[in-house]
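Enquirer: The structure under discussion is supplied below as structure tokens; questions concerning it will follow.
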Amino acid sequence: MRLSDATVVIRPRSTWEAMDLGVLLSQRHQRLLLTSWAIVTLPVFALLTVLLWDSPSLAVILFWWLKPAFERLPLYILSKALFGETPTLKQALRQWPRLLKPQLLASLTWRRLSLSRSFLLPVVQLEGLGGLERQQRLQVLLQRDGGAARWLTIIGVHLECGLWVGLMVLFYLLLPQQVELDWGWQTLLSVATQDWRWLEHLTNGFYVLVLVVWEPIYVACGFSLYLNRRTVLEAWDIELVFRRLRQRLGSTAAGLLLAAFLLVPTTADVRADEPSIAPDAPRLLNQPLTSQASRDSVRAILDQPPFKNKETVTRYRFGEEQPAKPTSDDEGPSWLKALLRLLDQQRFGALASVIEVLLWSTVIGALGWLVWRYRDWLQAFVSRRPRLSRQLTRPLPPQAFGLDLNRETLPADIAASVESLWQTNPREALGLLYRALLSHLLHDYRVPLKPADTEGQVLAYVEHLQQPELLAFSRNLTRHWQNMAYGHRLPSAAVQQQLCEGWRSVFDAGAAR
């Protein structure tokens with residue numbers, strides 16, 4: 001990189017002036033930048049549109065996500081053109097696959113949403129840094145101009161959206177009048193009546209056209225910020241001045257060297273005649289001011305004001321207090337003097353301690369009041385009692401599925417009553433057995449039944465009890481109950497005997513309790 005070949009003036013600039021330089025760079029090479037960007041991005045967008053025709057939003061999001069890969073081509077063109085080596089379109093397109101290799105995965109994943117992307121891209125592409133070296137380099141670069149790079153991205157996002165909406169509005173305004181009568185915005189957006197998928201892809205195409213114009217400018221502005229930061233850090237402008245001076249002095253260098261060679265013998269003879277002035281010469285060692293004395297004198301001067309101001313503060317001080325000016329006793333009201341005497345060093349410390357205790361007491365009291373005020377809400381989330389036990393306070397439902405669940409309405413021997421009713425009225429016998437099951441679940445097992453519960457919800461409650469025998473009996477009884485209640489299919493006598501035996505084994509024997 002030869003700074004003397006730069007096509008712009010190398011000097012420190014402000015951040016906004018540096019971005020203006022980027023705009024001028026993009027305008028100077030506008031045709032090459034726009035053409036190369038369009039050739040690279042338009043086929044990718046067409047491919048995504050074809051593959052994701054039924055998902056236009058996903059297509060434009062994927063295209064937007066690939067922008068860091070496309071931005072490497074304009075940066076390559078600008079970096080070459082800056083030093084007078086502007087590539088041709090063919091050369092730039094041939095280099096683009098090679099430009100994608102370094103750290104492409106990082107650019108498309110965790111670095112994708114970086115607001116300083118355009119400012120930091122030259123570190124990877126032009127300097128070729130990665131890992132710890134890249135992190136150290138970024139720390140130096142972002143000390144300044146990092147905020148301007150983030151503002152560039154934020155302004156660019158708003159500019160993209162504004163131009164995108166502007167193109168859509170322009171498209172609507174350019175519609176012929178007779179077509180506009182039939183194509184109102186409500187009709188265009190009504191996907192339920194017609195398929196306007198092509199219109200969504202058309203609006204995506206407007207966004208791609210906006211990027212063709214704006215993205216090279218965005219990359220150029222970030223690149224100019226990067227150049228301005230390196231100019232300040234590495235003093236490129238000073239280096240250029242010294243190079244120009246060297247070129248000017250190049251013609252007279254031979255004469256200066258000849259004069260130097262002619263003067264060397266004379267100077268050597270003169271110095272040979274002089275006495276020795278080495279540091280350990282007797283003449284220097286006999287001086288009244290020795291080297292150690294001079295060092296001590298310098299240290300003593302540096303330890304005194306204005307080089308070093310030592311101050312010990314043992315009280316509270318607010319900001320940069322100015323030293324108190326001497327005042328006479330007659331100045332100021334008496335109450336102010338009394339207040340100042342009260343707030344001396346020791347009493348002010350005691351007052352500060354009292355204020356601190358009061359503040360902490362207020363905070364603790366406020367927390368206690370909040371806990372007491374919202375104790376019910378906290379108990380609902382903090383209490384360790386099981387959920388079923390907290391719901392015991394709810395009133396027990398008197399009925400479920402139209403069945404009376406009170407214990408007083410049930411016979412003493414449920415299985416014997418079911419067997420006697422089965423011969424004359426099997427429907428009533430099966431209903432008695434299911435009603436007895438619900439009553440036992442409600443009163444004995446404290447299952448939170450509600451009048452609106454279904455048979456499936458009841459089985460879910462039983463499953464939470466974690467009693468396999470009770471769950472198997474409940475599922476069997478519920479199935480036959482649903483067949484009779486909704487399908488009007490009565491179970492056989494064998495089923496009656498099976499259900500009665502199951503009831504005795506679960507409830508009468510007390511095995512489930």
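Residue names in the structure tokens use chain letters A, B, ... in the order shown, residue numbers from 1 in each chain, and ligand numbers from 1 in the order shown.
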Skipping near chain neighbours, those fewer than 3 positions away, what residues fall within 12 Å of Leu465 (chain A) using only C-alpha atoms, listed as number ranges by chain?
Expert: A: 388, 441, 444-448, 458-462, 468-471, 512-513
Enquirer: Can you tell me, as number ranges by chain, what residues are no more than 10 Å from region 100-109 of chain A when counting only C-alpha atoms, ignoring any on the same chain fewer than 6 positions away?
Expert: A: 65-73, 117, 121, 124-125, 128-130
Enquirer: Which is closer to Glu501 (chain A) than all the others in A:Ala416, A:Gly368, A:Gly222, A:Gln292, using only C-alpha atoms?
Expert: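 Going through A:Ala416, A:Gly368, A:Gly222, A:Gln292 one by one, the smallest distance to Glu501 (chain A) is for A:Ala416.
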Enquirer: Residues within 12 Å of Ala494 (chain A), please, as a PDB file with N, CA and C atoms, in the first residue's frame. Count only C-alpha atoms; anything in the same chain fewer than 6 positions from it doesn't count.
Expert:
```
ATOM      1  N   GLU A 419     -76.222 -55.336  42.484  1.00  0.00           N
ATOM      2  CA  GLU A 419     -76.603 -56.699  42.054  1.00  0.00           C
ATOM      3  C   GLU A 419     -78.112 -56.903  42.116  1.00  0.00           C
ATOM      4  N   TRP A 422     -79.705 -54.820  39.218  1.00  0.00           N
ATOM      5  CA  TRP A 422     -79.312 -55.216  37.856  1.00  0.00           C
ATOM      6  C   TRP A 422     -80.379 -56.092  37.191  1.00  0.00           C
ATOM      7  N   CYS A 500     -68.963 -55.377  40.038  1.00  0.00           N
ATOM      8  CA  CYS A 500     -69.240 -55.503  41.475  1.00  0.00           C
ATOM      9  C   CYS A 500     -68.034 -56.060  42.221  1.00  0.00           C
ATOM     10  N   GLU A 501     -67.368 -57.061  41.633  1.00  0.00           N
ATOM     11  CA  GLU A 501     -66.171 -57.592  42.279  1.00  0.00           C
ATOM     12  C   GLU A 501     -65.056 -56.525  42.343  1.00  0.00           C
TER      13      GLU A 501
END
```
Enquirer: Can you measure CA of Trp37 (chain A) to CA of Leu211 (chain A) for me? One decimal in Å is fine.
Expert: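 These atoms are spaced 8.7 Å apart.
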Enquirer: Give me, as a ChimeraX atom specification, all polymer residues having an atom no more than 8 Å from Glu160 (chain A), counting only C-alpha atoms and skipping those fewer than 2 positions away in the same chain.
Expert: /A:156-158,162-164,207,210-211,214
Enquirer: Determine the nearest neighbour of Pro43 (chain A) from the options A:Arg137, A:Glu239, A:Arg11, A:Gly205, counting only C-alpha atoms.
Expert: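 Closest candidate: A:Gly205.
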Enquirer: Go through A:Pro87, A:Asn228, A:Val298, A:Lys310 and flag the residue nearest Pro12 (chain A), using only C-alpha atoms for the distances.
Expert: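 Ranking A:Pro87, A:Asn228, A:Val298, A:Lys310 by distance to Pro12 (chain A), first place goes to A:Asn228.
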Enquirer: Tell me which of A:Met19, A:Val418, A:Leu89, A:Leu47 sits closest to Arg31 (chain A), counting only C-alpha atoms.
Expert: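 Once distances to Arg31 (chain A) are computed over only C-alpha atoms, the minimum belongs to A:Leu89.
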Enquirer: Hey, which of A:Cys161, A:Pro306, A:Gly146, A:Ile10 ends up closest to Ile238 (chain A)? Count only C-alpha atoms.
Expert: A:Ile10
Enquirer: Here is a test: counting only C-alpha atoms, which residue of A:Leu367, A:Trp198, A:Tyr486, A:Leu477 is nearest to Val50 (chain A)?
Expert: A:Trp198
